$ cat start-v1.csv   # CSV, C-alpha atoms and all ligand atoms
chain,number,residue,atom,x,y,z
A,16,MET,CA,144.6,-121.5,-68.1
A,17,ASN,CA,141.3,-119.8,-68.7
A,18,GLY,CA,140.4,-117.3,-71.4
A,19,LYS,CA,141.9,-116.7,-74.8
A,20,ARG,CA,145.6,-117.4,-75.2
A,21,THR,CA,147.6,-114.6,-76.7
A,22,THR,CA,149.5,-116.2,-79.5
A,23,VAL,CA,152.7,-115.1,-81.3
A,24,ARG,CA,150.5,-114.2,-84.2
A,25,ASP,CA,148.3,-111.9,-82.0
A,26,VAL,CA,151.4,-110.1,-80.7
A,27,ARG,CA,152.7,-109.7,-84.3
A,28,ARG,CA,149.3,-108.3,-85.4
A,29,ARG,CA,149.1,-105.9,-82.5
A,30,ASN,CA,152.7,-104.6,-83.0
A,31,ARG,CA,152.0,-104.1,-86.7
A,32,GLY,CA,148.8,-102.3,-85.8
A,33,VAL,CA,150.5,-100.0,-83.3
A,34,LEU,CA,153.3,-99.0,-85.7
A,35,LEU,CA,151.0,-98.6,-88.7
A,36,SER,CA,148.7,-96.4,-86.6
A,37,LYS,CA,151.6,-94.2,-85.4
A,38,LEU,CA,152.9,-93.8,-88.9
A,39,TYR,CA,149.4,-93.1,-90.3
A,40,PHE,CA,148.4,-90.4,-87.7
A,41,ASP,CA,151.8,-88.9,-86.8
A,42,GLY,CA,154.1,-89.9,-89.7
A,43,PRO,CA,156.6,-89.4,-91.2
A,44,LEU,CA,158.6,-90.8,-88.2
A,45,SER,CA,162.0,-92.4,-87.7
A,46,ARG,CA,162.4,-95.9,-86.2
A,47,GLN,CA,163.8,-94.1,-83.1
A,48,ASP,CA,160.6,-92.0,-82.9
A,49,LEU,CA,158.5,-95.1,-83.2
A,50,SER,CA,160.4,-96.9,-80.5
A,51,ARG,CA,160.2,-94.0,-78.1
A,52,THR,CA,156.5,-93.3,-78.6
A,53,SER,CA,155.2,-96.9,-78.9
A,54,GLY,CA,157.1,-98.4,-76.0
A,55,LEU,CA,158.2,-101.3,-78.3
A,56,SER,CA,161.9,-102.3,-78.3
A,57,THR,CA,164.2,-101.0,-81.1
A,58,ALA,CA,164.6,-104.6,-82.2
A,59,THR,CA,160.9,-105.1,-82.6
A,60,VAL,CA,160.4,-101.8,-84.3
A,61,SER,CA,163.2,-102.7,-86.7
A,62,ASN,CA,161.7,-106.1,-87.5
A,63,VAL,CA,158.1,-105.0,-87.9
A,64,THR,CA,159.0,-101.9,-90.0
A,65,GLY,CA,161.2,-104.2,-92.2
A,66,GLU,CA,158.1,-106.4,-92.8
A,67,LEU,CA,155.9,-103.4,-93.5
A,68,LEU,CA,158.4,-101.9,-95.9
A,69,ASP,CA,158.8,-105.3,-97.7
A,70,GLU,CA,155.1,-105.6,-98.2
A,71,GLY,CA,154.8,-102.0,-99.5
A,72,LEU,CA,152.4,-100.8,-96.7
A,73,VAL,CA,155.1,-98.4,-95.5
A,74,VAL,CA,157.6,-96.3,-97.6
A,75,GLU,CA,160.6,-94.2,-96.9
A,76,ALA,CA,160.0,-90.4,-96.8
A,77,GLY,CA,163.4,-88.7,-96.6
A,78,SER,CA,165.6,-88.4,-93.6
A,79,VAL,CA,166.5,-86.1,-90.8
A,80,GLU,CA,169.8,-85.2,-89.2
A,81,SER,CA,170.3,-86.7,-85.7
A,82,ASP,CA,172.6,-85.3,-83.0
A,83,GLY,CA,176.1,-86.4,-84.1
A,84,GLY,CA,174.9,-89.6,-85.6
A,85,ARG,CA,173.9,-90.9,-89.0
A,86,PRO,CA,170.8,-89.3,-90.6
A,87,ARG,CA,167.6,-91.0,-89.6
A,88,VAL,CA,165.3,-92.4,-92.3
A,89,LEU,CA,161.7,-91.3,-92.0
A,90,LEU,CA,158.9,-93.7,-92.7
A,91,ARG,CA,155.2,-93.2,-93.5
A,92,VAL,CA,152.2,-95.3,-94.6
A,93,ASP,CA,152.3,-95.4,-98.5
A,94,PRO,CA,149.6,-92.8,-99.5
A,95,GLU,CA,149.4,-94.7,-102.8
A,96,LEU,CA,148.5,-98.0,-101.2
A,97,GLY,CA,145.0,-97.6,-102.4
A,98,TYR,CA,141.8,-95.6,-102.1
A,99,VAL,CA,138.8,-95.7,-99.8
A,100,VAL,CA,135.2,-94.9,-100.4
A,101,GLY,CA,132.8,-93.2,-97.9
A,102,VAL,CA,129.1,-93.2,-98.4
A,103,ASP,CA,126.5,-91.0,-96.6
A,104,VAL,CA,123.1,-92.6,-96.7
A,105,GLY,CA,121.1,-89.6,-95.4
A,106,GLU,CA,117.4,-89.0,-95.2
A,107,THR,CA,117.3,-86.9,-98.3
A,108,ARG,CA,120.3,-88.1,-100.4
A,109,VAL,CA,123.0,-90.6,-101.0
A,110,GLN,CA,126.5,-89.2,-101.3
A,111,VAL,CA,129.5,-91.3,-102.4
A,112,GLU,CA,133.0,-89.9,-102.1
A,113,LEU,CA,136.4,-91.4,-103.0
A,114,PHE,CA,139.5,-90.5,-101.0
A,115,ASP,CA,143.1,-91.4,-101.2
A,116,LEU,CA,144.7,-92.9,-98.1
A,117,ALA,CA,145.7,-89.5,-96.8
A,118,MET,CA,141.9,-88.8,-96.8
A,119,ARG,CA,142.1,-86.2,-99.6
A,120,PRO,CA,138.9,-86.1,-101.7
A,121,VAL,CA,139.3,-87.4,-105.2
A,122,ALA,CA,135.8,-87.9,-106.6
A,123,LYS,CA,132.2,-87.5,-105.6
A,124,ALA,CA,128.7,-88.5,-106.7
A,125,ASP,CA,125.3,-87.6,-105.3
A,126,ALA,CA,121.7,-88.8,-105.7
A,127,PRO,CA,118.5,-87.5,-104.1
A,128,ILE,CA,116.2,-90.0,-102.4
A,129,ASP,CA,112.5,-89.7,-101.3
A,130,PRO,CA,112.8,-88.4,-97.8
A,131,ARG,CA,109.5,-89.8,-96.7
A,132,HIS,CA,109.8,-93.3,-98.1
A,133,PRO,CA,113.4,-94.2,-98.9
A,134,GLU,CA,113.2,-97.6,-100.6
A,135,PRO,CA,116.0,-100.0,-99.6
A,136,ASP,CA,116.5,-101.3,-103.2
A,137,GLU,CA,116.6,-97.7,-104.5
A,138,VAL,CA,119.1,-96.6,-101.8
A,139,ALA,CA,121.4,-99.7,-102.5
A,140,GLY,CA,121.1,-98.9,-106.3
A,141,HIS,CA,122.3,-95.3,-105.7
A,142,VAL,CA,125.2,-96.5,-103.6
A,143,LEU,CA,126.4,-99.0,-106.2
A,144,ALA,CA,125.9,-96.5,-109.1
A,145,GLY,CA,127.8,-93.9,-107.1
A,146,LEU,CA,130.6,-96.3,-106.5
A,147,ASP,CA,131.0,-97.0,-110.2
A,148,ALA,CA,130.8,-93.2,-110.9
A,149,VAL,CA,133.6,-92.2,-108.5
A,150,VAL,CA,135.9,-95.0,-109.7
A,151,ALA,CA,135.3,-93.9,-113.3
A,152,GLN,CA,135.8,-90.2,-112.4
A,153,ALA,CA,139.1,-90.9,-110.7
A,154,ARG,CA,140.2,-93.2,-113.6
A,155,ILE,CA,141.3,-96.0,-111.2
A,156,ALA,CA,140.5,-99.7,-111.2
A,157,ALA,CA,137.8,-100.9,-108.7
A,158,GLY,CA,140.6,-103.2,-107.4
A,159,ASP,CA,142.4,-100.0,-106.2
A,160,VAL,CA,139.7,-99.4,-103.6
A,161,LEU,CA,140.6,-100.9,-100.2
A,162,GLY,CA,137.1,-100.8,-98.9
A,163,VAL,CA,133.8,-99.0,-98.8
A,164,GLY,CA,132.5,-97.5,-95.6
A,165,VAL,CA,128.7,-96.7,-95.4
A,166,GLY,CA,127.3,-94.3,-92.8
A,167,VAL,CA,123.6,-94.8,-92.7
A,168,PHE,CA,120.6,-93.3,-90.8
A,169,GLY,CA,119.1,-95.5,-88.1
A,170,LEU,CA,120.6,-98.3,-86.1
A,171,VAL,CA,123.0,-100.7,-87.7
A,172,GLU,CA,122.9,-104.2,-86.3
A,173,GLN,CA,126.1,-106.1,-86.9
A,174,ALA,CA,124.9,-109.8,-87.1
A,175,GLY,CA,127.3,-111.5,-89.5
A,176,GLU,CA,126.1,-109.0,-92.1
A,177,ALA,CA,124.8,-105.6,-91.3
A,178,PHE,CA,121.0,-104.9,-91.0
A,179,VAL,CA,119.5,-101.4,-90.7
A,180,HIS,CA,116.6,-100.5,-88.4
A,181,ALA,CA,115.1,-97.0,-89.0
A,182,GLN,CA,111.9,-97.0,-87.1
A,183,THR,CA,111.1,-93.4,-88.0
A,184,LEU,CA,111.4,-94.2,-91.8
A,185,GLY,CA,109.8,-97.6,-91.8
A,186,TRP,CA,113.0,-99.6,-92.2
A,187,ASP,CA,112.6,-102.8,-90.2
A,188,ARG,CA,115.8,-104.9,-90.2
A,189,VAL,CA,116.7,-104.0,-93.8
A,190,PRO,CA,119.6,-106.3,-95.1
A,191,LEU,CA,121.5,-103.3,-96.6
A,192,GLU,CA,124.8,-105.1,-96.7
A,193,GLY,CA,123.3,-108.0,-98.5
A,194,LEU,CA,121.6,-105.7,-101.0
A,195,LEU,CA,125.0,-104.0,-101.7
A,196,ARG,CA,126.8,-107.3,-101.9
A,197,ARG,CA,124.8,-108.1,-105.0
A,198,GLY,CA,126.6,-105.4,-106.8
A,199,THR,CA,130.2,-105.3,-105.5
A,200,ASP,CA,133.0,-107.6,-104.2
A,201,LEU,CA,134.7,-104.8,-102.3
A,202,PRO,CA,135.0,-105.0,-98.5
A,203,LEU,CA,132.0,-103.3,-97.0
A,204,TYR,CA,131.8,-101.6,-93.6
A,205,LEU,CA,128.4,-100.3,-92.4
A,206,ASP,CA,127.8,-98.1,-89.4
A,207,ASN,CA,125.4,-95.5,-88.1
A,208,GLY,CA,126.1,-92.0,-89.6
A,209,ALA,CA,126.5,-90.3,-86.3
A,210,LYS,CA,129.1,-92.9,-85.3
A,211,THR,CA,131.1,-92.4,-88.6
A,212,LEU,CA,131.0,-88.6,-88.1
A,213,GLY,CA,132.1,-89.1,-84.5
A,214,GLN,CA,135.1,-91.1,-85.7
A,215,ALA,CA,136.0,-88.5,-88.2
A,216,GLU,CA,135.9,-85.7,-85.6
A,217,MET,CA,138.0,-87.9,-83.2
A,218,TRP,CA,140.6,-88.6,-85.8
A,219,PHE,CA,140.9,-85.3,-87.7
A,220,GLY,CA,138.6,-82.7,-86.1
A,221,ALA,CA,137.5,-81.2,-82.8
A,222,GLY,CA,137.8,-84.5,-80.9
A,223,ARG,CA,141.6,-84.9,-81.5
A,224,GLY,CA,143.5,-85.7,-78.4
A,225,ALA,CA,140.4,-86.6,-76.3
A,226,ARG,CA,139.9,-90.0,-74.8
A,227,HIS,CA,136.4,-89.4,-73.4
A,228,ALA,CA,134.1,-87.4,-75.7
A,229,VAL,CA,130.6,-87.3,-77.0
A,230,ILE,CA,130.0,-86.1,-80.5
A,231,VAL,CA,126.5,-84.7,-80.8
A,232,LEU,CA,124.8,-84.6,-84.3
A,233,ILE,CA,121.8,-82.5,-85.0
A,234,GLY,CA,120.1,-82.3,-88.3
A,235,SER,CA,116.4,-83.2,-89.0
A,236,GLY,CA,117.0,-85.9,-86.4
A,237,VAL,CA,119.4,-86.1,-83.4
A,238,GLY,CA,122.1,-88.6,-82.7
A,239,ALA,CA,125.3,-89.0,-80.8
A,240,ALA,CA,128.5,-91.0,-80.7
A,241,VAL,CA,129.8,-91.7,-77.3
A,242,VAL,CA,133.6,-92.3,-77.1
A,243,THR,CA,134.9,-93.8,-73.9
A,244,ASP,CA,138.6,-94.4,-73.5
A,245,GLY,CA,139.2,-93.8,-77.2
A,246,THR,CA,136.6,-96.3,-78.4
A,247,THR,CA,133.0,-95.8,-79.6
A,248,TYR,CA,130.6,-97.2,-77.1
A,249,ARG,CA,128.2,-99.6,-78.8
A,250,GLY,CA,126.1,-101.7,-76.5
A,251,VAL,CA,124.9,-105.2,-77.2
A,252,THR,CA,123.6,-104.7,-80.8
A,253,SER,CA,125.6,-101.5,-81.6
A,254,SER,CA,122.6,-99.1,-81.1
A,255,ALA,CA,124.1,-97.1,-78.2
A,256,GLY,CA,124.1,-93.3,-78.7
A,257,GLU,CA,120.4,-92.8,-79.6
A,258,TRP,CA,120.5,-89.7,-77.5
A,259,GLY,CA,117.8,-88.1,-79.6
A,260,HIS,CA,115.2,-90.6,-78.3
A,261,THR,CA,115.9,-90.1,-74.6
A,262,THR,CA,113.0,-88.5,-72.8
A,263,ILE,CA,113.5,-84.8,-72.1
A,264,ARG,CA,109.9,-84.1,-71.1
A,265,TYR,CA,107.6,-86.9,-69.7
A,266,ASP,CA,104.5,-87.2,-71.9
A,267,GLY,CA,105.7,-84.3,-74.1
A,268,ARG,CA,105.5,-83.7,-77.8
A,269,ASP,CA,105.0,-86.6,-80.2
A,270,CYS,CA,108.3,-88.0,-81.6
A,271,ARG,CA,108.8,-89.6,-85.0
A,272,CYS,CA,109.8,-92.8,-83.2
A,273,GLY,CA,106.3,-93.2,-81.7
A,274,ALA,CA,107.2,-92.2,-78.2
A,275,ARG,CA,106.6,-88.8,-76.6
A,276,GLY,CA,108.8,-86.2,-75.2
A,277,CYS,CA,112.0,-87.3,-76.9
A,278,LEU,CA,114.9,-84.7,-77.1
A,279,GLU,CA,114.6,-85.0,-80.9
A,280,ALA,CA,111.0,-83.8,-80.7
A,281,TYR,CA,112.4,-80.5,-79.3
A,282,VAL,CA,115.8,-79.8,-80.8
A,283,GLY,CA,115.8,-81.7,-84.1
A,284,ALA,CA,115.5,-79.1,-87.0
A,285,GLU,CA,112.1,-80.4,-88.0
A,286,ALA,CA,110.9,-80.1,-84.4
A,287,ILE,CA,112.3,-76.6,-83.9
A,288,LEU,CA,110.5,-75.4,-87.1
A,289,ASP,CA,107.4,-77.2,-86.1
A,290,ARG,CA,107.3,-75.5,-82.6
A,291,TYR,CA,107.9,-72.2,-84.3
A,292,ARG,CA,105.1,-72.8,-86.8
A,293,GLN,CA,102.6,-73.7,-84.0
A,294,THR,CA,103.0,-70.2,-82.7
A,295,ARG,CA,102.4,-68.6,-86.1
A,296,ARG,CA,100.2,-70.9,-88.2
A,297,GLY,CA,102.1,-71.8,-91.4
A,298,ARG,CA,102.7,-74.4,-94.0
A,299,PRO,CA,105.4,-77.0,-93.0
A,300,PRO,CA,108.6,-76.5,-95.1
A,301,ALA,CA,109.8,-79.4,-97.3
A,302,GLN,CA,112.9,-81.2,-96.1
A,303,ALA,CA,115.1,-79.5,-98.6
A,304,GLU,CA,113.9,-76.2,-97.3
A,305,GLU,CA,114.6,-77.0,-93.7
A,306,GLU,CA,118.1,-75.6,-93.8
A,307,ALA,CA,116.9,-72.2,-95.2
A,308,ALA,CA,114.0,-72.1,-92.8
A,309,LEU,CA,116.2,-72.7,-89.7
A,310,ASP,CA,118.6,-69.9,-90.9
A,311,ALA,CA,115.6,-67.6,-91.4
A,312,LEU,CA,114.4,-68.4,-87.8
A,313,LEU,CA,117.8,-67.7,-86.4
A,314,ALA,CA,118.0,-64.4,-88.3
A,315,ALA,CA,114.5,-63.5,-87.1
A,316,ALA,CA,115.4,-63.8,-83.4
A,317,ASP,CA,116.8,-60.3,-83.3
A,318,THR,CA,113.5,-58.7,-84.3
A,319,SER,CA,110.8,-61.3,-83.4
A,320,LYS,CA,110.0,-62.1,-79.8
A,321,VAL,CA,108.3,-65.3,-80.8
A,322,ALA,CA,111.4,-66.5,-82.7
A,323,ALA,CA,113.6,-65.5,-79.8
A,324,ARG,CA,111.5,-67.5,-77.4
A,325,VAL,CA,111.4,-70.6,-79.5
A,326,LEU,CA,115.2,-70.4,-79.8
A,327,ASP,CA,115.7,-69.7,-76.0
A,328,GLU,CA,113.6,-72.8,-75.3
A,329,THR,CA,115.7,-74.8,-77.8
A,330,ALA,CA,118.9,-73.8,-76.1
A,331,GLY,CA,117.4,-74.8,-72.8
A,332,TYR,CA,116.3,-78.3,-74.0
A,333,LEU,CA,119.6,-78.8,-75.8
A,334,GLY,CA,121.6,-77.7,-72.7
A,335,ALA,CA,119.6,-80.0,-70.5
A,336,GLY,CA,120.2,-82.9,-72.9
A,337,ILE,CA,123.9,-82.1,-72.9
A,338,ALA,CA,123.8,-82.1,-69.0
A,339,ASN,CA,122.4,-85.6,-69.2
A,340,LEU,CA,125.4,-86.7,-71.3
A,341,ILE,CA,127.8,-84.9,-68.8
A,342,ASN,CA,126.2,-86.7,-65.8
A,343,LEU,CA,126.1,-90.1,-67.5
A,344,PHE,CA,129.5,-90.2,-69.2
A,345,ASN,CA,131.8,-87.7,-67.6
A,346,PRO,CA,133.3,-86.7,-71.0
A,347,GLU,CA,136.3,-84.3,-71.2
A,348,ARG,CA,134.8,-82.8,-74.4
A,349,ILE,CA,131.4,-82.5,-76.1
A,350,VAL,CA,131.5,-81.8,-79.8
A,351,LEU,CA,128.4,-80.2,-81.3
A,352,GLY,CA,127.9,-80.9,-85.0
A,353,GLY,CA,125.4,-81.7,-87.8
A,354,TRP,CA,124.1,-78.9,-90.0
A,355,ALA,CA,121.5,-77.7,-87.5
A,356,GLY,CA,123.9,-78.3,-84.5
A,357,LEU,CA,126.4,-76.0,-86.2
A,358,ALA,CA,123.8,-73.4,-87.0
A,359,LEU,CA,122.5,-73.4,-83.4
A,360,GLY,CA,125.9,-73.6,-81.8
A,361,THR,CA,127.4,-70.8,-83.9
A,362,ARG,CA,124.7,-68.5,-82.7
A,363,MET,CA,123.8,-69.7,-79.2
A,364,LEU,CA,126.8,-71.6,-77.7
A,365,PRO,CA,126.8,-69.5,-74.5
A,366,ALA,CA,123.1,-70.0,-73.9
A,367,ILE,CA,123.4,-73.8,-74.5
A,368,LEU,CA,126.4,-74.0,-72.2
A,369,ALA,CA,124.6,-72.0,-69.5
A,370,ALA,CA,121.6,-74.4,-69.7
A,371,ALA,CA,124.0,-77.4,-69.4
A,372,GLU,CA,125.6,-75.8,-66.3
A,373,ARG,CA,122.2,-75.3,-64.7
A,374,ASN,CA,121.3,-79.0,-65.2
A,375,ALA,CA,124.6,-80.8,-64.7
A,376,LEU,CA,126.4,-81.8,-61.6
A,377,ARG,CA,129.1,-79.2,-60.9
A,378,GLN,CA,132.1,-81.5,-60.7
A,379,PRO,CA,131.7,-83.3,-64.1
A,380,PHE,CA,130.5,-80.0,-65.7
A,381,ALA,CA,133.8,-78.4,-64.6
A,382,GLN,CA,135.8,-81.2,-66.3
A,383,THR,CA,134.2,-80.8,-69.7
A,384,SER,CA,134.2,-78.4,-72.6
A,385,LEU,CA,131.6,-77.8,-75.3
A,386,VAL,CA,133.0,-77.1,-78.8
A,387,LEU,CA,131.8,-77.0,-82.4
A,388,CYS,CA,132.7,-79.7,-84.8
A,389,GLU,CA,135.5,-78.8,-87.2
A,390,LEU,CA,134.9,-80.9,-90.2
A,391,GLY,CA,131.7,-79.2,-91.2
A,392,PRO,CA,128.1,-80.5,-91.5
A,393,ASP,CA,128.9,-82.9,-94.4
A,394,ALA,CA,131.5,-85.2,-92.8
A,395,VAL,CA,129.4,-88.4,-92.7
A,396,ALA,CA,130.8,-89.7,-96.0
A,397,PHE,CA,134.3,-88.7,-94.8
A,398,GLY,CA,133.7,-90.4,-91.5
A,399,ALA,CA,132.4,-93.5,-93.3
A,400,ALA,CA,135.6,-93.6,-95.4
A,401,THR,CA,137.6,-93.9,-92.1
A,402,LEU,CA,136.0,-97.3,-91.5
A,403,PRO,CA,138.1,-99.3,-94.0
A,404,VAL,CA,141.2,-97.3,-92.9
A,405,ALA,CA,140.5,-98.2,-89.3
A,406,ASP,CA,140.3,-101.9,-90.3
A,407,LEU,CA,143.6,-101.6,-92.2
A,408,LEU,CA,145.3,-100.1,-89.1
A,409,THR,CA,143.9,-102.3,-86.4
A,410,SER,CA,144.5,-105.5,-88.4
A,411,GLY,CA,148.1,-104.3,-88.9
A,412,GLY,CA,147.5,-104.6,-92.6
A,413,LEU,CA,147.1,-108.4,-92.3
A,414,ARG,CA,143.4,-108.3,-93.3
A,415,ARG,CA,143.3,-106.3,-96.4
A,416,GLY,CA,140.3,-106.3,-98.6
A,417,ALA,CA,139.9,-107.9,-102.0
A,418,GLY,CA,140.9,-104.5,-103.5
A,419,ALA,CA,144.5,-104.6,-102.1
A,420,ARG,CA,146.9,-104.4,-105.0
A,421,ARG,CA,149.9,-105.9,-103.2
A,422,THR,CA,149.7,-109.4,-101.8
A,423,VAL,CA,150.3,-109.8,-98.1
A,424,ARG,CA,152.4,-112.7,-97.0
A,425,PRO,CA,150.3,-115.2,-95.0
A,426,ALA,CA,150.8,-114.8,-91.2
B,501,ZN,ZN,111.8,-90.5,-80.2

$ encode --input "start-v1.csv" --output "structure tokens" --more "lines below"
Ligand SMILES: [Zn+2]
Amino acid sequence: MNGKRTTVRDVRRRNRGVLLSKLYFDGPLSRQDLSRTSGLSTATVSNVTGELLDEGLVVEAGSVESDGGRPRVLLRVDPELGYVVGVDVGETRVQVELFDLAMRPVAKADAPIDPRHPEPDEVAGHVLAGLDAVVAQARIAAGDVLGVGVGVFGLVEQAGEAFVHAQTLGWDRVPLEGLLRRGTDLPLYLDNGAKTLGQAEMWFGAGRGARHAVIVLIGSGVGAAVVTDGTTYRGVTSSAGEWGHTTIRYDGRDCRCGARGCLEAYVGAEAILDRYRQTRRGRPPAQAEEEAALDALLAAADTSKVAARVLDETAGYLGAGIANLINLFNPERIVLGGWAGLALGTRMLPAILAAAERNALRQPFAQTSLVLCELGPDAVAFGAATLPVADLLTSGGLRRGAGARRTVRPA
């Protein structure tokens, strides 16, 4: 027989994963609910939930009356199983947040970094210091942390350990996981920030219930997470989704990546402000001022023809970029997020949608909707914290990190 054999162990892991995921996202649920919604037999559900209860991954959570029968016991994933940490390595700061397993925020630490030359050692130092700080604030043991997810700018290459490529910031295959490994034994999960934010929106925000979606992230830079059939599309080295560096205008404006005419060079916050400035002669705002400067530009659109024109063009470019996503991926939903994406979308969603309609094919355009993200502009750390949770769920709790408090029986 060709291909990989499916072993008893694989089946067991998959069944555990299915039931843990159901209980995590939809719990508390009874064994009957689990059997009905998972397609697994009542015997399998009974066996697997028995295992999960014995191991302490799942706990009882009251009971409900059933029609004429005995009350049905409800089960859920133990919210006290452990904590997870999410890290947002952004272009201007490192933010570290501790969550419980129900993803409620428990503690938070923040450190600014030099937006022009973020030094890898300095960034790793801030992450590790932040990790110590949130564990201390929460008064827990480091061993109570199941894992640390890190959402980072740039491309994250998964090659045994994770390397970061951020061409626009001078990071060339930086061994960030290795740098962090020097200071912690906790399981580490690194991914691109747009992808972690995408996962958060898919799990808990505007992407819920969709199988095919694109989560678009606009800040200073522009990124996207493409979700096809429920899974983030990655490509051969996990860099897929660099929508910001697709060409929107041949031989157009210079982009930070070195190419010309990229979408980011028109609709990234830095580029929007730059285009506005070129019409008025002014000093470029510092990165920290970008948010206020974009708000001021949006407010000026009512009274200034120049501001209104720059924003009209921005809606046009953004809509055209979204039309490209619609034609390429046939998504049922496009979620617009990031701090600048939210600011633009809140004010100009109809204009962006109209531009998308002008540029997209009619049939796929009619199948999609454009909505704003629901978790706010700061969800990268939150999204990163879902990485260790996703590992817990997909491994069926069989591959738990060094931090797991309860021992798991060997498979
Ligand atoms: Zn570019």

$ atom_distance --input "start-v1.csv" --atom1 "atom CA of A:Leu90" --atom2 "atom CA of A:Ser56"
17.0 Å

$ atom_distance --input "start-v1.csv" --atom1 "atom CA of A:Val242" --atom2 "atom CA of A:Ala255"
10.7 Å

$ residues_near_point --input "start-v1.csv" --point "(125.3, -105.4, -82.2)" --cutoff "9 Å" --atoms "all atoms listed in the file" --output "list in words"
Val171, Glu172, Gln173, Ala174, Arg249, Gly250, Val251, Thr252, Ser253 and Ser254 of chain A

$ atom_distance --input "start-v1.csv" --atom1 "atom CA of A:Arg196" --atom2 "atom CA of A:Ile128"
20.3 Å

$ residues_near_ligand --input "start-v1.csv" --ligand "ligand ZN 501 (chain B)" --cutoff "9 Å" --atoms "all atoms listed in the file" --output "PyMOL selection string"
chain A and resi 183+257+259-262+269-280

$ closest_residue --input "start-v1.csv" --among "A:Arg292, A:Arg348, A:Arg87, A:Arg27" --to "A:Thr59" --atoms "all atoms listed in the file"
A:Arg27

$ residues_around --input "start-v1.csv" --residues "A:Phe344" --least-positions-apart "6" --cutoff "12 Å" --atoms "only C-alpha atoms" --output "number ranges by chain"
A: 226-229, 240-244, 248, 256, 337-338, 375-376, 379-380, 382-383

$ closest_residue --input "start-v1.csv" --among "A:Ile155, A:Ala400, A:Ala124, A:Leu161" --to "A:Leu96" --atoms "all atoms listed in the file"
A:Leu161

$ closest_residue --input "start-v1.csv" --among "A:Glu134, A:Glu66, A:Asp266, A:Glu192" --to "A:Thr107" --atoms "all atoms listed in the file"
A:Glu134

$ closest_residue --input "start-v1.csv" --among "A:Lys320, A:Arg377, A:Lys210, A:Arg264" --to "A:Thr401" --atoms "all atoms listed in the file"
A:Lys210

$ residues_around --input "start-v1.csv" --residues "A:Asp393" --least-positions-apart "4" --cutoff "9 Å" --atoms "only C-alpha atoms" --output "mmCIF file with C-alpha atoms, in the frame of the given file"
data_model
loop_
_atom_site.group_PDB
_atom_site.id
_atom_site.type_symbol
_atom_site.label_atom_id
_atom_site.label_comp_id
_atom_site.auth_asym_id
_atom_site.auth_seq_id
_atom_site.Cartn_x
_atom_site.Cartn_y
_atom_site.Cartn_z
ATOM 1 C CA ASP A 103 126.500 -91.000 -96.600
ATOM 2 C CA LEU A 212 131.000 -88.600 -88.100
ATOM 3 C CA GLY A 353 125.400 -81.700 -87.800
ATOM 4 C CA TRP A 354 124.100 -78.900 -90.000
ATOM 5 C CA PHE A 397 134.300 -88.700 -94.800
#

$ closest_residue --input "start-v1.csv" --among "A:Thr199, A:Thr64, A:Asp187, A:Ser45" --to "A:Ser81" --atoms "only C-alpha atoms"
A:Ser45

$ closest_residue --input "start-v1.csv" --among "A:Gly234, A:Gly352, A:Gly158, A:Pro133" --to "A:Gly97" --atoms "all atoms listed in the file"
A:Gly158
